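Please read the structure below before turning to the comments.
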Amino acid sequence: MTGLADGAGGVGARLHPHCIVCGADNPRGLGLVFSACADGGGVEARFDCAGSAEGYVGLVHGGVVSMLMDAAMAQCLFHLGCVAHTAELTIRFRHPVLVGREARVRAWRERTRGRLHVLGADFSQDGRVKAVATAKFLEAVPPPAS
């Protein structure tokens, strides 16, 4: 890992500019901007929980919450200079996420062993953790030089 932080022009921006969560080149994407957490232990972003993310009436779709936590974990790895892909994702929904109220998605690395990275994430709204996730990411192997 290089320690190369992501951001405008960072590794994540170069590898997936059309990402539905954070891609700057996706006009229909969510446009989330991830930044380092104040404690330095991961990344976080704000999400407005607009009605376009609704599943059941008044509630954000669980798939959207899952997607945001998965993206936050990938962004955490980008922030650490690592490119890896989700190999396993486990979500635990604790409370419904309400439409129309801002939320925060946060992710951090728990441990690394070789090319395998284990990350955690949470999704909170109104100061309450609404969902948590753990995931295993497998570090990408560069293609052989030709």
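Labels for the structure tokens follow display order: chains A, B, ..., residues from 1 in each chain, ligands from 1.
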
Sorted by chain and rising residue number, which residues of stretch 37-70 of chain A lie within 10 Å of stretch 86-90 of chain A, and what are their closest atom pairs and distances in Å to one decimal, counting only C-alpha atoms, as a tab-separated table?
residue	atom	partner	partner_atom	distance
A:Ser66	CA	A:Leu89	CA	8.8
A:Met69	CA	A:Leu89	CA	9.5
A:Asp70	CA	A:Leu89	CA	7.6

Please produce an output containing N, CA and C atoms for each residue in the selection, written as a PDB file, in the first residue's frame.
ATOM      1  N   SER A  66     -27.029  -0.479   2.101  1.00  0.00           N
ATOM      2  CA  SER A  66     -25.972  -1.471   1.898  1.00  0.00           C
ATOM      3  C   SER A  66     -24.935  -0.973   0.899  1.00  0.00           C
ATOM      4  N   MET A  69     -22.651   1.687   2.453  1.00  0.00           N
ATOM      5  CA  MET A  69     -21.634   1.158   3.366  1.00  0.00           C
ATOM      6  C   MET A  69     -20.544   0.422   2.599  1.00  0.00           C
ATOM      7  N   ASP A  70     -20.918  -0.331   1.561  1.00  0.00           N
ATOM      8  CA  ASP A  70     -19.929  -1.009   0.723  1.00  0.00           C
ATOM      9  C   ASP A  70     -19.004   0.015   0.068  1.00  0.00           C
TER      10      ASP A  70
END

Near stretch 130-137 of chain A, counting only C-alpha atoms, which residues have an atom at most 10 Å away, once you skip same-chain residues fewer than 2 positions from it, shown as a ChimeraX atom specification?
/A:62,65-66,69-70,73-74,77,83-98,103,105-112,115-128,139-140

Which of stretch 7-132 of chain A fall in strand (DSSP E), as a VMD selection string
chain A and resid 35 to 36 43 to 47 84 to 93 103 to 113 116 to 125 128 to 132

Every residue of chain A that DSSP places in helix (DSSP H, G or I), as number ranges by chain:
A: 11-15, 51-53, 62-79

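Closest approach to A:His16 among A:Val141, A:Val43, A:Gly114, A:Gln75 is made by A:Gln75 (distances from only C-alpha atoms).
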